[in-house]
Amino acid sequence: MDIPNYRLPNNQSTLIPDENARHVLDIFLLLSTENISIKKAWLQMREKGMTISSSQFYELIKKPVYIGKVMLKSNNNQKIESIEGLHPPIILTSLFEKVQEKLSSISNDDLIKKGSKNYLYPLRGYIKCSQCGKVLTASASTGSNPNRKYHHYHCRKGCKERFSVKIAHDLFDNYLKKISIDLKQFDNAKKKIKREIQEQEQSLEEDRLKIQKQITRIRDIISQAEDRFFEGFMDQETFKNSKIRYLQKIKNLEDEILRLDNFD
Ligand SMILES: [Zn+2]
C-alpha cells in the first residue's frame, strides 16, 4: 500500500484520486476518534501495510487537497491561500477540520512542554558567551551514566563556552546576595526620592504662579491701554500695535506654563 495521492489523468488538467485514495478516508476517520494520538494512528496504518514515514503522515493529514482544495503559492514558494480545486474531494470538510483541531491542540501541548523546561534553565537567554557575545542557550546531555542527565548553559554558535547549570545558579545566587541592601538604607533612599519630588513639584508650582502673575499684569496693561484709547489719549494704530505685542507676550507665557505642566 503506497501513500494515497492524486494523479493527473491523460490529457486532463484536473486531478483524480489514485487507487490508494480510500485510505485517506481511513486515516481521517481513525484520527477523528477521541483518544488516538497521531503517532498511534500512524503506527496503525503502518501495521495495515501502508508504507509511510511519520513525517509524510504528518504532512498528509494537513493537506487541504483531500477536501478538494488547492494551495496557491506566492513567488517565494510560501503557501498563501487555498482555493476550491476542480478535483473531487476524498473526505468531508468537517472531518478534515476536526483533525486540524486535533493537530493544533497537539502543537500547543508541545509548546507548553517546551516552555515548561524553563524552570530548569531560568538564566537561559541572560548569560552572554564570553567568546562571541551571543546569549547562551541551555540543554541536557547524558554522560557516562545514561540514567543521569547533565544540564548545561552553552553557546549555540559552537564556541567552547559551557557551564553546568548548578555552577551558574550558585554564581548568580552569590551575585544577588552581594547586591542586596539593608531595609533601613532602602527606606531612607525612598524618603529622599519622595522629598526631592515634592521639592521639585513645589518649585514648579512657584514658577507657574510667577508666570500667572506676569500674565495678569500684562492683561492690566492692555485694559489700561484700552481705557486710554477710548478716552482719546491714544491713536488707533498705536493701540492696535501695542495690543498685538502684549497679546504675543501672553501667548509666550502661556506656552511656558504648558511646558512646566509637561515637565514630568
Ligand atoms: Zn559563543
# chains A, B, ... in the order shown; residues from 1 in each chain; ligands from 1
>>> residues_near_ligand(ligand="ligand 1", cutoff="9 Å", atoms="only C-alpha atoms and all ligand atoms", output="CSV table (one decimal) with N, CA and C atoms, in the first residue's frame")
chain,number,residue,atom,x,y,z
A,128,LYS,N,25.8,35.9,28.6
A,128,LYS,CA,26.4,36.1,27.3
A,128,LYS,C,27.7,35.2,27.2
A,129,CYS,N,27.9,34.7,26.0
A,129,CYS,CA,29.1,33.9,25.7
A,129,CYS,C,30.3,34.8,25.8
A,130,SER,N,31.3,34.5,26.5
A,130,SER,CA,32.5,35.4,26.6
A,130,SER,C,33.3,35.4,25.4
A,131,GLN,N,33.1,34.4,24.5
A,131,GLN,CA,33.9,34.4,23.2
A,131,GLN,C,33.2,35.1,22.1
A,132,CYS,N,31.9,34.9,21.9
A,132,CYS,CA,31.3,35.5,20.7
A,132,CYS,C,30.2,36.6,21.1
A,133,GLY,N,29.9,36.7,22.4
A,133,GLY,CA,29.0,37.7,22.8
A,133,GLY,C,27.5,37.4,22.7
A,134,LYS,N,27.2,36.3,22.0
A,134,LYS,CA,25.8,35.9,21.9
A,134,LYS,C,25.3,35.3,23.2
A,135,VAL,N,23.9,35.3,23.4
A,135,VAL,CA,23.4,34.7,24.6
A,135,VAL,C,23.5,33.2,24.6
A,136,LEU,N,23.7,32.7,25.8
A,136,LEU,CA,23.8,31.2,25.9
A,136,LEU,C,22.4,30.6,25.9
A,154,HIS,N,25.1,26.7,27.4
A,154,HIS,CA,26.2,26.6,26.4
A,154,HIS,C,25.9,27.5,25.2
A,155,CYS,N,27.0,27.8,24.5
A,155,CYS,CA,26.9,28.7,23.3
A,155,CYS,C,26.3,27.9,22.2
A,156,ARG,N,25.4,28.6,21.4
A,156,ARG,CA,24.7,27.9,20.3
A,156,ARG,C,25.5,28.1,19.0
A,157,LYS,N,26.6,29.0,19.1
A,157,LYS,CA,27.4,29.2,17.9
A,157,LYS,C,28.6,28.3,17.8
A,158,GLY,N,28.7,27.3,18.7
A,158,GLY,CA,29.7,26.4,18.6
A,158,GLY,C,31.0,26.7,19.3
A,159,CYS,N,31.0,27.8,20.2
A,159,CYS,CA,32.1,28.2,21.0
A,159,CYS,C,32.2,27.1,22.1
A,160,LYS,N,33.4,27.1,22.8
A,160,LYS,CA,33.6,26.1,23.8
A,160,LYS,C,32.9,26.5,25.1
A,161,GLU,N,32.3,27.7,25.2
A,161,GLU,CA,31.7,28.2,26.4
A,161,GLU,C,30.6,27.2,26.9
>>> residues_around(residues="Phe172 (chain A)", least_positions_apart="4", cutoff="12 Å", atoms="only C-alpha atoms", output="number ranges by chain")
A: 122-123, 126-127, 165-168, 176-179
>>> select_by_dssp(residues="region 31-233 of chain A", states="helix (DSSP H, G or I)", output="number ranges by chain")
A: 31-32, 38-47, 54-60, 64-67, 93-119, 165-179, 183-230
>>> residues_around(residues="Leu95 (chain A)", least_positions_apart="6", cutoff="9 Å", atoms="only C-alpha atoms", output="PyMOL selection string")
chain A and resi 28-29+32
>>> atom_distance(atom1="CA of Ala138 (chain A)", atom2="CA of His151 (chain A)")
7.2 Å
>>> closest_atom_pairs(of="region 118-223 of chain A", to="region 249-258 of chain A", cutoff="12 Å", atoms="only C-alpha atoms", output="tab-separated table")
residue	atom	partner	partner_atom	distance
A:Leu204	CA	A:Ile257	CA	9.5
A:Glu205	CA	A:Ile257	CA	9.9
A:Glu206	CA	A:Ile257	CA	11.1
A:Asp207	CA	A:Ile257	CA	8.3
A:Arg208	CA	A:Ile257	CA	6.0
A:Leu209	CA	A:Ile257	CA	9.2
A:Lys210	CA	A:Ile257	CA	9.9
A:Ile211	CA	A:Leu253	CA	6.4
A:Gln212	CA	A:Leu253	CA	8.0
A:Lys213	CA	A:Leu253	CA	10.2
A:Gln214	CA	A:Leu253	CA	8.0
A:Ile215	CA	A:Ile250	CA	5.7
A:Thr216	CA	A:Ile250	CA	8.9
A:Arg217	CA	A:Ile250	CA	9.8
A:Ile218	CA	A:Ile250	CA	7.2
A:Arg219	CA	A:Ile250	CA	8.1
A:Asp220	CA	A:Ile250	CA	11.6
A:Ile221	CA	A:Ile250	CA	11.5
A:Ile222	CA	A:Ile250	CA	10.7
>>> select_by_dssp(residues="region 18-245 of chain A", states="strand (DSSP E)", output="list in words")
Lys69, Val70, Met71, Leu72, Lys73, Lys79, Ile80, Glu81, Ser82, Ile83, Glu84, Thr137, Ala138, Ser139, Ala140, Ser141, Thr142, Lys149, Tyr150, His151, His152, Tyr153, His154, Arg162, Phe163 and Ser164 of chain A
>>> write_last_selection(atoms="N, CA, C and O atoms", output="compact mmCIF listing (two decimals), in the first residue's frame")
# COMPACT_ATOMS: atom_id res chain seq x y z
N LYS A 69 -9.39 21.14 -2.24
CA LYS A 69 -8.80 22.47 -2.38
C LYS A 69 -7.37 22.38 -2.91
O LYS A 69 -6.70 21.37 -2.75
N VAL A 70 -6.93 23.45 -3.52
CA VAL A 70 -5.52 23.52 -3.91
C VAL A 70 -4.90 24.76 -3.27
O VAL A 70 -5.56 25.77 -3.08
N MET A 71 -3.62 24.62 -2.91
CA MET A 71 -2.93 25.75 -2.30
C MET A 71 -2.34 26.62 -3.39
O MET A 71 -1.70 26.13 -4.31
N LEU A 72 -2.57 27.92 -3.27
CA LEU A 72 -1.90 28.85 -4.16
C LEU A 72 -0.59 29.24 -3.50
O LEU A 72 -0.53 29.46 -2.30
N LYS A 73 0.46 29.30 -4.30
CA LYS A 73 1.75 29.66 -3.72
C LYS A 73 2.22 31.00 -4.25
O LYS A 73 1.97 31.35 -5.39
N LYS A 79 3.10 29.14 1.14
CA LYS A 79 1.67 28.95 0.93
C LYS A 79 0.96 30.25 1.28
O LYS A 79 1.25 30.85 2.30
N ILE A 80 0.06 30.70 0.44
CA ILE A 80 -0.67 31.89 0.83
C ILE A 80 -2.15 31.62 1.09
O ILE A 80 -2.67 32.02 2.09
N GLU A 81 -2.80 30.91 0.18
CA GLU A 81 -4.20 30.62 0.48
C GLU A 81 -4.65 29.38 -0.27
O GLU A 81 -4.01 28.95 -1.23
N SER A 82 -5.75 28.80 0.18
CA SER A 82 -6.27 27.64 -0.53
C SER A 82 -7.54 28.05 -1.26
O SER A 82 -8.33 28.84 -0.76
N ILE A 83 -7.71 27.52 -2.46
CA ILE A 83 -8.94 27.79 -3.21
C ILE A 83 -9.56 26.46 -3.63
O ILE A 83 -8.90 25.42 -3.60
N GLU A 84 -10.84 26.51 -4.00
CA GLU A 84 -11.51 25.30 -4.46
C GLU A 84 -10.83 24.79 -5.73
O GLU A 84 -10.62 25.54 -6.68
N THR A 137 22.36 29.34 25.36
CA THR A 137 21.14 28.56 25.50
C THR A 137 21.42 27.46 26.52
O THR A 137 22.47 27.47 27.15
N ALA A 138 20.47 26.56 26.73
CA ALA A 138 20.69 25.50 27.71
C ALA A 138 20.10 24.21 27.21
O ALA A 138 19.13 24.21 26.46
N SER A 139 20.69 23.10 27.61
CA SER A 139 20.11 21.80 27.27
C SER A 139 20.70 20.73 28.17
O SER A 139 21.64 20.97 28.92
N ALA A 140 20.11 19.54 28.06
CA ALA A 140 20.57 18.43 28.88
C ALA A 140 21.34 17.46 28.01
O ALA A 140 21.05 17.31 26.83
N SER A 141 22.34 16.82 28.60
CA SER A 141 23.04 15.77 27.86
C SER A 141 23.30 14.62 28.82
O SER A 141 23.27 14.79 30.03
N THR A 142 23.53 13.45 28.26
CA THR A 142 23.84 12.31 29.12
C THR A 142 25.33 12.04 29.06
O THR A 142 25.95 12.16 28.01
N LYS A 149 21.05 12.87 33.72
CA LYS A 149 21.14 13.95 32.74
C LYS A 149 21.96 15.09 33.31
O LYS A 149 21.85 15.42 34.48
N TYR A 150 22.81 15.66 32.47
CA TYR A 150 23.62 16.80 32.89
C TYR A 150 23.10 18.04 32.18
O TYR A 150 22.99 18.06 30.95
N HIS A 151 22.76 19.06 32.97
CA HIS A 151 22.20 20.28 32.39
C HIS A 151 23.27 21.36 32.29
O HIS A 151 23.99 21.61 33.24
N HIS A 152 23.36 21.95 31.11
CA HIS A 152 24.39 22.96 30.86
C HIS A 152 23.83 24.20 30.19
O HIS A 152 22.89 24.11 29.40
N TYR A 153 24.43 25.34 30.49
CA TYR A 153 24.27 26.52 29.64
C TYR A 153 25.43 26.47 28.66
O TYR A 153 26.57 26.21 29.06
N HIS A 154 25.13 26.69 27.40
CA HIS A 154 26.23 26.63 26.42
C HIS A 154 25.94 27.54 25.24
O HIS A 154 24.80 27.95 25.01
N ARG A 162 30.75 26.79 28.19
CA ARG A 162 29.84 25.78 28.71
C ARG A 162 29.90 25.78 30.23
O ARG A 162 30.97 25.69 30.82
N PHE A 163 28.75 25.98 30.91
CA PHE A 163 28.71 25.92 32.37
C PHE A 163 27.69 24.90 32.80
O PHE A 163 26.62 24.82 32.19
N SER A 164 27.97 24.19 33.88
CA SER A 164 26.91 23.37 34.43
C SER A 164 25.88 24.33 35.03
O SER A 164 26.23 25.40 35.53
>>> residues_around(residues="region 39-55 of chain A", least_positions_apart="4", cutoff="12 Å", atoms="only C-alpha atoms", output="VMD selection string")
chain A and resid 1 to 4 20 to 21 23 to 35 59 to 62 99 103 106
>>> write_last_selection(atoms="N, CA, C and O atoms", output="compact mmCIF listing (two decimals), in the first residue's frame")
# COMPACT_ATOMS: atom_id res chain seq x y z
N MET A 1 0.85 -1.19 0.00
CA MET A 1 0.00 0.00 0.00
C MET A 1 0.89 1.25 0.00
O MET A 1 1.75 1.39 0.85
N ASP A 2 0.69 2.11 -0.98
CA ASP A 2 1.51 3.32 -1.06
C ASP A 2 0.78 4.52 -0.48
O ASP A 2 -0.38 4.44 -0.11
N ILE A 3 1.51 5.63 -0.43
CA ILE A 3 0.91 6.86 0.06
C ILE A 3 -0.21 7.28 -0.89
O ILE A 3 0.00 7.36 -2.09
N PRO A 4 -1.40 7.51 -0.34
CA PRO A 4 -2.50 7.92 -1.21
C PRO A 4 -2.18 9.23 -1.90
O PRO A 4 -1.55 10.10 -1.32
N ASN A 20 -5.18 4.39 -4.08
CA ASN A 20 -4.97 4.36 -2.63
C ASN A 20 -5.78 5.43 -1.89
O ASN A 20 -5.69 5.52 -0.67
N ALA A 21 -6.52 6.20 -2.64
CA ALA A 21 -7.19 7.36 -2.04
C ALA A 21 -8.14 6.99 -0.92
O ALA A 21 -8.31 7.74 0.04
N HIS A 23 -7.71 5.11 1.40
CA HIS A 23 -7.01 5.01 2.68
C HIS A 23 -6.92 6.36 3.39
O HIS A 23 -6.75 6.42 4.59
N VAL A 24 -7.02 7.43 2.60
CA VAL A 24 -7.04 8.76 3.21
C VAL A 24 -8.24 8.88 4.13
O VAL A 24 -8.13 9.34 5.27
N LEU A 25 -9.38 8.39 3.64
CA LEU A 25 -10.58 8.42 4.47
C LEU A 25 -10.37 7.60 5.74
O LEU A 25 -10.72 8.03 6.84
N ASP A 26 -9.74 6.42 5.59
CA ASP A 26 -9.44 5.59 6.76
C ASP A 26 -8.63 6.37 7.79
O ASP A 26 -8.92 6.35 8.98
N ILE A 27 -7.60 7.06 7.30
CA ILE A 27 -6.71 7.81 8.20
C ILE A 27 -7.48 8.89 8.95
O ILE A 27 -7.38 9.02 10.17
N PHE A 28 -8.29 9.66 8.21
CA PHE A 28 -9.00 10.76 8.85
C PHE A 28 -10.06 10.25 9.82
O PHE A 28 -10.26 10.85 10.89
N LEU A 29 -10.73 9.14 9.46
CA LEU A 29 -11.72 8.57 10.38
C LEU A 29 -11.05 8.08 11.66
O LEU A 29 -11.54 8.29 12.76
N LEU A 30 -9.89 7.45 11.48
CA LEU A 30 -9.13 6.96 12.63
C LEU A 30 -8.74 8.11 13.55
O LEU A 30 -8.91 8.06 14.77
N LEU A 31 -8.24 9.19 12.93
CA LEU A 31 -7.77 10.34 13.72
C LEU A 31 -8.91 11.09 14.39
O LEU A 31 -8.71 11.76 15.40
N SER A 32 -10.12 10.98 13.81
CA SER A 32 -11.23 11.74 14.38
C SER A 32 -11.78 11.08 15.64
O SER A 32 -12.56 11.68 16.37
N THR A 33 -11.38 9.82 15.90
CA THR A 33 -11.81 9.20 17.16
C THR A 33 -11.05 9.85 18.31
O THR A 33 -9.88 10.21 18.17
N GLU A 34 -11.76 9.98 19.42
CA GLU A 34 -11.30 10.83 20.52
C GLU A 34 -9.85 10.60 20.96
O GLU A 34 -9.04 11.50 20.93
N ASN A 35 -9.55 9.38 21.39
CA ASN A 35 -8.34 9.23 22.19
C ASN A 35 -7.11 8.71 21.46
O ASN A 35 -6.18 8.25 22.09
N GLU A 59 2.48 15.31 7.25
CA GLU A 59 2.21 16.22 6.13
C GLU A 59 0.85 15.90 5.50
O GLU A 59 0.06 16.79 5.20
N LEU A 60 0.61 14.59 5.32
CA LEU A 60 -0.62 14.13 4.64
C LEU A 60 -1.88 14.65 5.32
O LEU A 60 -2.79 15.15 4.67
N ILE A 61 -1.90 14.55 6.66
CA ILE A 61 -3.14 14.91 7.36
C ILE A 61 -3.37 16.42 7.42
O ILE A 61 -4.36 16.89 7.94
N LYS A 62 -2.41 17.19 6.87
CA LYS A 62 -2.60 18.64 6.82
C LYS A 62 -2.98 19.13 5.43
O LYS A 62 -3.21 20.32 5.22
N VAL A 99 -9.77 17.02 12.41
CA VAL A 99 -8.38 16.55 12.54
C VAL A 99 -7.42 17.74 12.67
O VAL A 99 -6.45 17.68 13.44
N LEU A 103 -4.70 18.54 15.55
CA LEU A 103 -3.31 18.89 15.26
C LEU A 103 -2.88 20.14 16.00
O LEU A 103 -1.81 20.20 16.59
N ILE A 106 -2.42 19.63 19.64
CA ILE A 106 -1.19 18.89 19.93
C ILE A 106 0.02 19.80 19.85
O ILE A 106 0.88 19.77 20.72
>>> atom_distance(atom1="CA of Phe239 (chain A)", atom2="CA of Ser223 (chain A)")
10.8 Å
>>> atom_distance(atom1="CA of Pro17 (chain A)", atom2="CA of Ile67 (chain A)")
11.5 Å
>>> closest_residue(among="A:Arg148, A:Gly143, A:Phe229, A:Arg22", to="Ile91 (chain A)", atoms="only C-alpha atoms")
A:Arg22
>>> closest_residue(among="A:Ile90, A:Tyr58, A:Ser203, A:Ala225", to="Lys240 (chain A)", atoms="only C-alpha atoms")
A:Ala225
